[in-house]
Each structure stands twice: as C-alpha cells, then as structure tokens.
>>> print(open('query-v4.cif').read())   # mmCIF, C-alpha atoms and all ligand atoms; chains and numbers go by the auth columns
data_model
loop_
_atom_site.group_PDB
_atom_site.id
_atom_site.type_symbol
_atom_site.label_atom_id
_atom_site.label_comp_id
_atom_site.label_asym_id
_atom_site.label_seq_id
_atom_site.Cartn_x
_atom_site.Cartn_y
_atom_site.Cartn_z
_atom_site.B_iso_or_equiv
_atom_site.auth_seq_id
_atom_site.auth_asym_id
ATOM 1 C CA MET A 1 -8.140 37.374 -19.316 0.00 2 Y
ATOM 2 C CA GLU A 2 -7.223 40.702 -17.781 0.00 3 Y
ATOM 3 C CA LEU A 3 -9.232 40.160 -14.587 0.00 4 Y
ATOM 4 C CA GLY A 4 -7.374 36.927 -13.821 0.00 5 Y
ATOM 5 C CA ALA A 5 -4.033 38.731 -14.061 0.00 6 Y
ATOM 6 C CA ARG A 6 -5.195 41.534 -11.762 0.00 7 Y
ATOM 7 C CA ILE A 7 -6.561 39.069 -9.218 0.00 8 Y
ATOM 8 C CA SER A 8 -3.306 37.088 -9.315 0.00 9 Y
ATOM 9 C CA ASP A 9 -1.278 40.234 -8.648 0.00 10 Y
ATOM 10 C CA ASP A 10 -3.551 41.427 -5.840 0.00 11 Y
ATOM 11 C CA TYR A 11 -3.593 38.106 -3.977 0.00 12 Y
ATOM 12 C CA ARG A 12 -0.090 36.818 -4.761 0.00 13 Y
ATOM 13 C CA ASP A 13 0.890 36.495 -1.081 0.00 14 Y
ATOM 14 C CA ASP A 14 -2.342 35.024 0.247 0.00 15 Y
ATOM 15 C CA PRO A 15 -4.581 33.379 -2.400 0.00 16 Y
ATOM 16 C CA PRO A 16 -8.338 33.672 -1.860 0.00 17 Y
ATOM 17 C CA ILE A 17 -11.212 31.229 -1.874 0.00 18 Y
ATOM 18 C CA LEU A 18 -13.282 32.049 -4.947 0.00 19 Y
ATOM 19 C CA VAL A 19 -16.960 31.701 -4.100 0.00 20 Y
ATOM 20 C CA ASN A 20 -19.187 31.224 -7.114 0.00 21 Y
ATOM 21 C CA VAL A 21 -22.890 31.922 -6.806 0.00 22 Y
ATOM 22 C CA LEU A 22 -24.615 29.213 -8.830 0.00 23 Y
ATOM 23 C CA LYS A 23 -25.670 28.765 -11.456 0.00 24 Y
ATOM 24 C CA GLY A 24 -25.195 31.642 -13.895 0.00 25 Y
ATOM 25 C CA GLY A 25 -21.564 32.272 -13.073 0.00 26 Y
ATOM 26 C CA ILE A 26 -20.138 28.814 -13.741 0.00 27 Y
ATOM 27 C CA ILE A 27 -18.641 29.469 -17.158 0.00 28 Y
ATOM 28 C CA PHE A 28 -17.164 32.788 -16.076 0.00 29 Y
ATOM 29 C CA MET A 29 -15.718 31.091 -12.971 0.00 30 Y
ATOM 30 C CA ALA A 30 -14.159 28.337 -15.083 0.00 31 Y
ATOM 31 C CA ASP A 31 -12.531 30.856 -17.436 0.00 32 Y
ATOM 32 C CA LEU A 32 -11.499 33.144 -14.580 0.00 33 Y
ATOM 33 C CA ILE A 33 -9.603 30.532 -12.565 0.00 34 Y
ATOM 34 C CA ARG A 34 -7.773 29.393 -15.697 0.00 35 Y
ATOM 35 C CA ALA A 35 -6.635 32.980 -16.147 0.00 36 Y
ATOM 36 C CA THR A 36 -5.038 33.126 -12.686 0.00 37 Y
ATOM 37 C CA ASP A 37 -1.558 31.888 -11.851 0.00 38 Y
ATOM 38 C CA ILE A 38 -1.958 31.646 -8.065 0.00 39 Y
ATOM 39 C CA SER A 39 -3.325 28.618 -6.245 0.00 40 Y
ATOM 40 C CA VAL A 40 -6.896 29.748 -5.675 0.00 41 Y
ATOM 41 C CA GLU A 41 -9.382 27.478 -3.956 0.00 42 Y
ATOM 42 C CA ILE A 42 -12.967 27.346 -5.171 0.00 43 Y
ATOM 43 C CA ASP A 43 -16.312 26.834 -3.529 0.00 44 Y
ATOM 44 C CA PHE A 44 -19.967 27.214 -4.478 0.00 45 Y
ATOM 45 C CA MET A 45 -23.152 28.573 -3.026 0.00 46 Y
ATOM 46 C CA GLU A 46 -26.643 28.314 -4.452 0.00 47 Y
ATOM 47 C CA VAL A 47 -29.296 30.767 -3.435 0.00 48 Y
ATOM 48 C CA SER A 48 -32.838 31.523 -4.419 0.00 49 Y
ATOM 49 C CA SER A 49 -35.026 34.540 -3.801 0.00 50 Y
ATOM 50 C CA TYR A 50 -38.105 34.158 -1.675 0.00 51 Y
ATOM 51 C CA GLY A 51 -41.383 35.119 -3.281 0.00 52 Y
ATOM 52 C CA ASP A 52 -42.310 34.178 -6.807 0.00 53 Y
ATOM 53 C CA GLY A 53 -38.734 33.380 -7.656 0.00 54 Y
ATOM 54 C CA THR A 54 -38.337 35.915 -10.442 0.00 55 Y
ATOM 55 C CA GLU A 55 -38.238 39.307 -8.762 0.00 56 Y
ATOM 56 C CA SER A 56 -35.192 39.999 -6.651 0.00 57 Y
ATOM 57 C CA SER A 57 -36.641 40.600 -3.190 0.00 58 Y
ATOM 58 C CA GLY A 58 -33.384 40.777 -1.294 0.00 59 Y
ATOM 59 C CA VAL A 59 -34.552 38.022 1.037 0.00 60 Y
ATOM 60 C CA VAL A 60 -32.607 35.010 0.013 0.00 61 Y
ATOM 61 C CA ARG A 61 -32.775 31.335 0.870 0.00 62 Y
ATOM 62 C CA ILE A 62 -29.537 29.381 0.885 0.00 63 Y
ATOM 63 C CA LEU A 63 -30.109 26.175 -1.090 0.00 64 Y
ATOM 64 C CA GLU A 64 -26.507 24.997 -0.990 0.00 65 Y
ATOM 65 C CA ASP A 65 -23.941 26.383 1.388 0.00 66 Y
ATOM 66 C CA LEU A 66 -20.156 26.520 1.117 0.00 67 Y
ATOM 67 C CA SER A 67 -18.227 23.374 1.938 0.00 68 Y
ATOM 68 C CA LEU A 68 -15.058 25.218 2.999 0.00 69 Y
ATOM 69 C CA SER A 69 -14.561 27.368 6.070 0.00 70 Y
ATOM 70 C CA ILE A 70 -13.842 30.986 5.095 0.00 71 Y
ATOM 71 C CA THR A 71 -12.871 32.109 8.589 0.00 72 Y
ATOM 72 C CA ASP A 72 -9.598 34.051 8.437 0.00 73 Y
ATOM 73 C CA ARG A 73 -9.387 33.621 4.647 0.00 74 Y
ATOM 74 C CA HIS A 74 -9.624 36.114 1.806 0.00 75 Y
ATOM 75 C CA VAL A 75 -12.873 35.575 -0.097 0.00 76 Y
ATOM 76 C CA LEU A 76 -13.593 36.666 -3.653 0.00 77 Y
ATOM 77 C CA ILE A 77 -17.230 36.317 -4.680 0.00 78 Y
ATOM 78 C CA VAL A 78 -17.596 35.536 -8.394 0.00 79 Y
ATOM 79 C CA GLU A 79 -20.917 36.616 -9.914 0.00 80 Y
ATOM 80 C CA ASP A 80 -22.380 36.519 -13.401 0.00 81 Y
ATOM 81 C CA ILE A 81 -24.282 39.805 -13.185 0.00 82 Y
ATOM 82 C CA VAL A 82 -25.049 42.314 -10.469 0.00 83 Y
ATOM 83 C CA ASP A 83 -28.395 43.968 -11.070 0.00 84 Y
ATOM 84 C CA THR A 84 -30.246 45.489 -8.095 0.00 85 Y
ATOM 85 C CA GLY A 85 -27.485 44.215 -5.809 0.00 86 Y
ATOM 86 C CA LEU A 86 -30.008 42.814 -3.330 0.00 87 Y
ATOM 87 C CA THR A 87 -28.918 39.172 -3.661 0.00 88 Y
ATOM 88 C CA LEU A 88 -25.270 40.008 -3.269 0.00 89 Y
ATOM 89 C CA HIS A 89 -25.945 42.293 -0.327 0.00 90 Y
ATOM 90 C CA TYR A 90 -27.602 39.420 1.499 0.00 91 Y
ATOM 91 C CA ILE A 91 -24.776 37.020 0.652 0.00 92 Y
ATOM 92 C CA LEU A 92 -22.192 39.540 1.839 0.00 93 Y
ATOM 93 C CA GLU A 93 -23.935 40.003 5.182 0.00 94 Y
ATOM 94 C CA ASN A 94 -24.189 36.234 5.607 0.00 95 Y
ATOM 95 C CA LEU A 95 -20.537 35.583 4.780 0.00 96 Y
ATOM 96 C CA GLU A 96 -19.337 38.441 7.030 0.00 97 Y
ATOM 97 C CA THR A 97 -20.700 36.577 10.065 0.00 98 Y
ATOM 98 C CA ARG A 98 -18.099 33.856 9.372 0.00 99 Y
ATOM 99 C CA HIS A 99 -15.256 36.341 9.927 0.00 100 Y
ATOM 100 C CA PRO A 100 -13.248 36.109 6.708 0.00 101 Y
ATOM 101 C CA LYS A 101 -10.043 38.146 6.400 0.00 102 Y
ATOM 102 C CA SER A 102 -11.620 40.128 3.570 0.00 103 Y
ATOM 103 C CA ILE A 103 -14.427 39.893 1.035 0.00 104 Y
ATOM 104 C CA ARG A 104 -14.251 41.341 -2.462 0.00 105 Y
ATOM 105 C CA ILE A 105 -16.559 41.008 -5.443 0.00 106 Y
ATOM 106 C CA CYS A 106 -15.753 40.064 -9.018 0.00 107 Y
ATOM 107 C CA THR A 107 -18.592 40.252 -11.533 0.00 108 Y
ATOM 108 C CA LEU A 108 -18.558 39.629 -15.237 0.00 109 Y
ATOM 109 C CA LEU A 109 -21.423 42.051 -15.871 0.00 110 Y
ATOM 110 C CA ASP A 110 -22.509 45.150 -13.990 0.00 111 Y
ATOM 111 C CA ARG A 111 -25.964 46.536 -14.738 0.00 112 Y
ATOM 112 C CA ARG A 112 -25.393 49.515 -12.519 0.00 113 Y
ATOM 113 C CA GLY A 113 -28.340 51.500 -13.851 0.00 114 Y
ATOM 114 C CA ARG A 114 -30.709 49.348 -11.786 0.00 115 Y
ATOM 115 C CA ARG A 115 -28.754 49.215 -8.542 0.00 116 Y
ATOM 116 C CA GLU A 116 -30.877 49.557 -5.397 0.00 117 Y
ATOM 117 C CA ILE A 117 -28.112 48.982 -2.881 0.00 118 Y
ATOM 118 C CA ASP A 118 -24.717 50.601 -3.117 0.00 119 Y
ATOM 119 C CA LEU A 119 -22.092 47.861 -3.395 0.00 120 Y
ATOM 120 C CA GLN A 120 -18.398 48.130 -4.010 0.00 121 Y
ATOM 121 C CA LEU A 121 -17.554 45.957 -7.007 0.00 122 Y
ATOM 122 C CA ASP A 122 -13.818 45.353 -6.967 0.00 123 Y
ATOM 123 C CA TYR A 123 -13.419 43.621 -10.334 0.00 124 Y
ATOM 124 C CA VAL A 124 -15.880 44.297 -13.175 0.00 125 Y
ATOM 125 C CA GLY A 125 -15.801 42.748 -16.634 0.00 126 Y
ATOM 126 C CA PHE A 126 -18.335 44.870 -18.525 0.00 127 Y
ATOM 127 C CA VAL A 127 -20.985 47.434 -17.681 0.00 128 Y
ATOM 128 C CA VAL A 128 -24.237 46.514 -19.458 0.00 129 Y
ATOM 129 C CA PRO A 129 -27.392 48.507 -20.232 0.00 130 Y
ATOM 130 C CA ASP A 130 -30.867 47.766 -18.862 0.00 131 Y
ATOM 131 C CA LYS A 131 -31.557 44.784 -21.120 0.00 132 Y
ATOM 132 C CA PHE A 132 -31.995 41.148 -20.149 0.00 133 Y
ATOM 133 C CA VAL A 133 -28.991 39.082 -21.161 0.00 134 Y
ATOM 134 C CA ILE A 134 -28.517 35.358 -21.756 0.00 135 Y
ATOM 135 C CA GLY A 135 -25.765 32.968 -22.736 0.00 136 Y
ATOM 136 C CA TYR A 136 -22.273 32.123 -21.386 0.00 137 Y
ATOM 137 C CA GLY A 137 -23.951 30.541 -18.329 0.00 138 Y
ATOM 138 C CA LEU A 138 -26.812 33.027 -18.022 0.00 139 Y
ATOM 139 C CA ASP A 139 -30.294 31.618 -18.508 0.00 140 Y
ATOM 140 C CA LEU A 140 -33.858 32.448 -19.316 0.00 141 Y
ATOM 141 C CA ALA A 141 -35.960 29.858 -17.441 0.00 142 Y
ATOM 142 C CA GLN A 142 -32.936 27.527 -17.372 0.00 143 Y
ATOM 143 C CA LYS A 143 -32.332 27.732 -21.128 0.00 144 Y
ATOM 144 C CA TYR A 144 -29.630 29.333 -23.299 0.00 145 Y
ATOM 145 C CA ARG A 145 -26.787 28.811 -20.783 0.00 146 Y
ATOM 146 C CA ASN A 146 -24.890 26.931 -23.509 0.00 147 Y
ATOM 147 C CA LEU A 147 -24.614 29.904 -25.899 0.00 148 Y
ATOM 148 C CA PRO A 148 -20.895 30.638 -26.257 0.00 149 Y
ATOM 149 C CA HIS A 149 -21.485 34.396 -26.202 0.00 150 Y
ATOM 150 C CA ILE A 150 -23.628 36.851 -24.242 0.00 151 Y
ATOM 151 C CA ALA A 151 -26.729 38.008 -26.076 0.00 152 Y
ATOM 152 C CA VAL A 152 -29.400 40.615 -25.403 0.00 153 Y
ATOM 153 C CA LEU A 153 -33.014 39.500 -25.451 0.00 154 Y
ATOM 154 C CA GLU A 154 -34.543 42.578 -27.020 0.00 155 Y
ATOM 155 C CA ASP A 155 -38.172 41.943 -26.104 0.00 156 Y
ATOM 156 C CA GLU A 156 -37.584 40.485 -22.686 0.00 157 Y
ATOM 157 C CA GLU A 157 -38.434 42.602 -19.645 0.00 158 Y
ATOM 158 C CA ILE A 158 -35.963 42.328 -16.801 0.00 159 Y
ATOM 159 C CA PRO A 159 -37.967 40.575 -14.082 0.00 160 Y
HETATM 160 P P1 LIG B . -29.844 41.177 -8.127 0.00 201 O
HETATM 161 O O1 LIG B . -30.119 40.672 -6.741 0.00 201 O
HETATM 162 O O2 LIG B . -28.510 41.900 -8.243 0.00 201 O
HETATM 163 O O3 LIG B . -30.967 42.033 -8.647 0.00 201 O
HETATM 164 O O4 LIG B . -29.872 39.921 -9.076 0.00 201 O
HETATM 165 C C1 LIG B . -28.741 39.216 -9.399 0.00 201 O
HETATM 166 C C2 LIG B . -29.081 37.883 -10.019 0.00 201 O
HETATM 167 O O5 LIG B . -30.241 37.942 -10.876 0.00 201 O
HETATM 168 C C3 LIG B . -27.944 37.468 -10.924 0.00 201 O
HETATM 169 O O6 LIG B . -26.956 36.739 -10.218 0.00 201 O
HETATM 170 C C4 LIG B . -28.643 36.648 -11.984 0.00 201 O
HETATM 171 O O7 LIG B . -28.752 35.306 -11.537 0.00 201 O
HETATM 172 C C5 LIG B . -30.014 37.247 -12.081 0.00 201 O
HETATM 173 N N1 LIG B . -30.066 38.187 -13.219 0.00 201 O
HETATM 174 C C6 LIG B . -30.109 39.536 -13.157 0.00 201 O
HETATM 175 N N2 LIG B . -30.130 40.085 -14.385 0.00 201 O
HETATM 176 C C7 LIG B . -30.086 39.057 -15.260 0.00 201 O
HETATM 177 C C8 LIG B . -30.068 38.999 -16.716 0.00 201 O
HETATM 178 O O8 LIG B . -30.079 39.983 -17.470 0.00 201 O
HETATM 179 N N3 LIG B . -30.011 37.747 -17.250 0.00 201 O
HETATM 180 C C9 LIG B . -29.980 36.617 -16.494 0.00 201 O
HETATM 181 N N4 LIG B . -29.946 35.445 -17.131 0.00 201 O
HETATM 182 N N5 LIG B . -30.000 36.648 -15.130 0.00 201 O
HETATM 183 C C10 LIG B . -30.045 37.856 -14.523 0.00 201 O
#
>>> encode(input="query-v4.cif", output="structure tokens")
Amino acid sequence: MELGARISDDYRDDPPILVNVLKGGIIFMADLIRATDISVEIDFMEVSSYGDGTESSGVVRILEDLSLSITDRHVLIVEDIVDTGLTLHYILENLETRHPKSIRICTLLDRRGRREIDLQLDYVGFVVPDKFVIGYGLDLAQKYRNLPHIAVLEDEEIP
C-alpha cells in the first residue's frame, strides 16, 4: 500500500504511535501497519458524539482513552473517513494538550465536500463524493463492517 511506504519514509528516524479511532478504522489500520517497514506502535481511542448519536455535533465523549503516553512522541491519527471534520477537530485539540512532538492525520476516505472545519489531512487514501459508505470496517448501525470492499448506499442519507 502506497500510504504505508510514504509513512515509513517520513518517519524512518523516529517512528510514530499510530492512534486509531474506533471502530470504523480497524481494517484500514490493520492493512496500513502491515504496509509499513518501521517499528510503529499502535494505540486506540473510542469516542462518541453527544446528542442523538448520529449527527456529528463536534462535542465528543471519550469512551476509551489511549493506553500509551504520547508526550514527546510523533502521533499519526488513523481514521476511516473524515466528513465534517468535527470529531477529528475535537480529538486533535484533546491530544495536543498532552504535548506530542507532532500530530498528523491519515484517513482512508476524505469526503471533503461536507467539511465544516478546515483540517490538514496529511495522508489521504481516496476522496469520496457525498454518499454514505459502508464496508471494510465502516458500518450502518453496526452492520456491514465485514464487507471486503467499500460500497455506496445509494438511498441512505448521510446523518
Ligand atoms: P465527522 O466528525 O468528520 O463528521 O465524522 C466522522 C465520523 O463519522 C467517521 O469517523 C465515521 O465514523 C462516521 N462517518 C462519516 N461518514 C460516514 C459514512 O459514509 N459511513 C460510515 N459508516 N461512517 C461515516
């Protein structure tokens, strides 16, 4: 995978902690680390939006925090899809308070047409149109994560 090679080259001298935001990004994370040839460390964070749980409000509750300290370490956040950017913006602000050496973002999918907050995405797999997608770890009400490919749900509104 091309992204794994780029990440390996960029962090050759000081490998990062890859932080995966659960749950949609797990399959991407698993494939990504296998495509690197540097000794990355991995950690996980689970978050949920306040409110009705479907609409991205930007106010996020941390359900499961990192187990590693990121202070003075390079951090690479690994996401499944960045949509409005609100969730990631909150996570970035939270992680910055722990004084990492740097924070970059790697996302498999970028739905940039719906962005509400300007974020710098350092590594992007694919730009996708304004359609709800499932499969390869991404769910609809916890289903379809097992599909081996990414599919568009034609009739599904993006929440
Ligand atoms: P944001 O805060 O950027 O609007 O939302 C990002 C999160 O919403 C993603 O990490 C993902 O969990 C979820 N999400 C956004 N768009 C989709 C989509 O098309 N399909 C799925 N399954 N989840 C999505």
>>> residues_near_ligand(input="query-v4.cif", ligand="ligand LIG 201 (chain O)", cutoff="7 Å", atoms="only C-alpha atoms and all ligand atoms", output="list of chain:residue names")
Y:Gly25, Y:Ser57, Y:Gly59, Y:Glu80, Y:Asp81, Y:Ile82, Y:Val83, Y:Asp84, Y:Thr85, Y:Gly86, Y:Leu87, Y:Thr88, Y:Leu89, Y:Lys132, Y:Phe133, Y:Val134, Y:Ile135, Y:Leu139, Y:Asp140, Y:Leu141, Y:Ile159
>>> closest_residue(input="query-v4.cif", among="Y:Asp73, Y:Ile27, Y:Asp38, Y:Phe45", to="Asp10 in chain Y", atoms="all atoms listed in the file")
Y:Asp38
>>> closest_residue(input="query-v4.cif", among="Y:Lys24, Y:His90, Y:Arg113, Y:Pro16", to="Val76 in chain Y", atoms="all atoms listed in the file")
Y:Pro16
>>> closest_residue(input="query-v4.cif", among="Y:Ile8, Y:Leu148, Y:Val61, Y:Val129", to="Ala36 in chain Y", atoms="all atoms listed in the file")
Y:Ile8
>>> resolve_selection(input="query-v4.cif", expression="the PyMOL selection byres (((chain Y and resi 122) around 10) and not hetatm)", output="PyMOL selection string")
chain Y and resi 78+83+105-108+111+119-121+123-125
>>> atom_distance(input="query-v4.cif", atom1="CA of Asp44 in chain Y", atom2="CA of Asn95 in chain Y")
15.3 Å
>>> atom_distance(input="query-v4.cif", atom1="CA of Gly138 in chain Y", atom2="CA of Met30 in chain Y")
9.8 Å
>>> closest_residue(input="query-v4.cif", among="Y:Glu47, Y:Val60, Y:Val128, Y:Gly5", to="Gly26 in chain Y", atoms="only C-alpha atoms")
Y:Glu47
>>> atom_distance(input="query-v4.cif", atom1="CA of Phe29 in chain Y", atom2="CA of Ile92 in chain Y")
18.9 Å
>>> closest_residue(input="query-v4.cif", among="Y:Gly136, Y:Asp14, Y:Glu65, Y:Ile118", to="His150 in chain Y", atoms="only C-alpha atoms")
Y:Gly136
>>> residues_around(input="query-v4.cif", residues="Ile71 in chain Y", least_positions_apart="3", cutoff="12 Å", atoms="only C-alpha atoms", output="list in words")
Pro17, Ile18, Leu19, Val20, Glu42, Ile43, Asp44, Phe45, Asp66, Leu67, Ser68, Arg74, His75, Val76, Leu77, Ile78, Asn95, Leu96, Glu97, Thr98, Arg99, His100, Pro101, Lys102, Ser103 and Ile104 of chain Y
>>> residues_around(input="query-v4.cif", residues="Arg62 in chain Y", least_positions_apart="4", cutoff="9 Å", atoms="only C-alpha atoms", output="number ranges by chain")
Y: 47-51
>>> closest_residue(input="query-v4.cif", among="Y:Asp32, Y:Pro149, Y:Thr37, Y:Asn21", to="Arg7 in chain Y", atoms="all atoms listed in the file")
Y:Thr37
>>> axis_aligned_box(input="query-v4.cif", around="range 86-97 of chain Y", padding_each_side="4 Å", output="lines of an AutoDock Vina configuration file")
center_x = -24.7
center_y = 39.9
center_z = 0.6
size_x = 18.7
size_y = 16.6
size_z = 20.8
>>> build_atoms(input="query-v4.cif", residues="range 84-107 of chain Y", atoms="N, CA and C atoms", output="short mmCIF file (atom, residue, chain, number, x, y, z; two decimals), in the frame of the given file")
data_model
loop_
_atom_site.label_atom_id
_atom_site.label_comp_id
_atom_site.auth_asym_id
_atom_site.auth_seq_id
_atom_site.Cartn_x
_atom_site.Cartn_y
_atom_site.Cartn_z
N ASP Y 84 -27.29 43.15 -10.56
CA ASP Y 84 -28.40 43.97 -11.07
C ASP Y 84 -28.82 44.94 -9.96
N THR Y 85 -29.86 44.61 -9.20
CA THR Y 85 -30.25 45.49 -8.10
C THR Y 85 -29.20 45.46 -6.99
N GLY Y 86 -28.48 44.35 -6.88
CA GLY Y 86 -27.48 44.22 -5.81
C GLY Y 86 -28.05 43.57 -4.55
N LEU Y 87 -29.36 43.32 -4.55
CA LEU Y 87 -30.01 42.81 -3.33
C LEU Y 87 -29.52 41.42 -2.95
N THR Y 88 -29.37 40.53 -3.94
CA THR Y 88 -28.92 39.17 -3.66
C THR Y 88 -27.51 39.21 -3.07
N LEU Y 89 -26.66 39.95 -3.70
CA LEU Y 89 -25.27 40.01 -3.27
C LEU Y 89 -25.13 40.65 -1.89
N HIS Y 90 -25.96 41.64 -1.63
CA HIS Y 90 -25.94 42.29 -0.33
C HIS Y 90 -26.25 41.28 0.78
N TYR Y 91 -27.23 40.45 0.52
CA TYR Y 91 -27.60 39.42 1.50
C TYR Y 91 -26.46 38.43 1.68
N ILE Y 92 -25.87 38.00 0.58
CA ILE Y 92 -24.78 37.02 0.65
C ILE Y 92 -23.59 37.62 1.42
N LEU Y 93 -23.29 38.88 1.14
CA LEU Y 93 -22.19 39.54 1.84
C LEU Y 93 -22.42 39.55 3.35
N GLU Y 94 -23.63 39.94 3.75
CA GLU Y 94 -23.94 40.00 5.18
C GLU Y 94 -23.81 38.63 5.81
N ASN Y 95 -24.26 37.60 5.09
CA ASN Y 95 -24.19 36.23 5.61
C ASN Y 95 -22.74 35.79 5.76
N LEU Y 96 -21.92 36.05 4.74
CA LEU Y 96 -20.54 35.58 4.78
C LEU Y 96 -19.72 36.36 5.82
N GLU Y 97 -20.06 37.64 6.03
CA GLU Y 97 -19.34 38.44 7.03
C GLU Y 97 -19.42 37.82 8.42
N THR Y 98 -20.53 37.16 8.72
CA THR Y 98 -20.70 36.58 10.06
C THR Y 98 -19.71 35.44 10.31
N ARG Y 99 -19.06 34.96 9.22
CA ARG Y 99 -18.10 33.86 9.37
C ARG Y 99 -16.67 34.37 9.54
N HIS Y 100 -16.53 35.68 9.65
CA HIS Y 100 -15.26 36.34 9.93
C HIS Y 100 -14.13 36.00 8.96
N PRO Y 101 -14.36 36.25 7.66
CA PRO Y 101 -13.25 36.11 6.71
C PRO Y 101 -12.25 37.26 6.90
N LYS Y 102 -11.05 37.08 6.33
CA LYS Y 102 -10.04 38.15 6.40
C LYS Y 102 -10.50 39.35 5.58
N SER Y 103 -11.08 39.07 4.42
CA SER Y 103 -11.62 40.13 3.57
C SER Y 103 -12.63 39.50 2.63
N ILE Y 104 -13.52 40.35 2.09
CA ILE Y 104 -14.43 39.89 1.03
C ILE Y 104 -14.40 40.92 -0.08
N ARG Y 105 -14.13 40.47 -1.29
CA ARG Y 105 -14.25 41.34 -2.46
C ARG Y 105 -15.20 40.70 -3.46
N ILE Y 106 -15.60 41.49 -4.45
CA ILE Y 106 -16.56 41.01 -5.44
C ILE Y 106 -15.97 41.13 -6.84
N CYS Y 107 -16.13 40.05 -7.60
CA CYS Y 107 -15.75 40.06 -9.02
C CYS Y 107 -16.99 39.70 -9.82
#
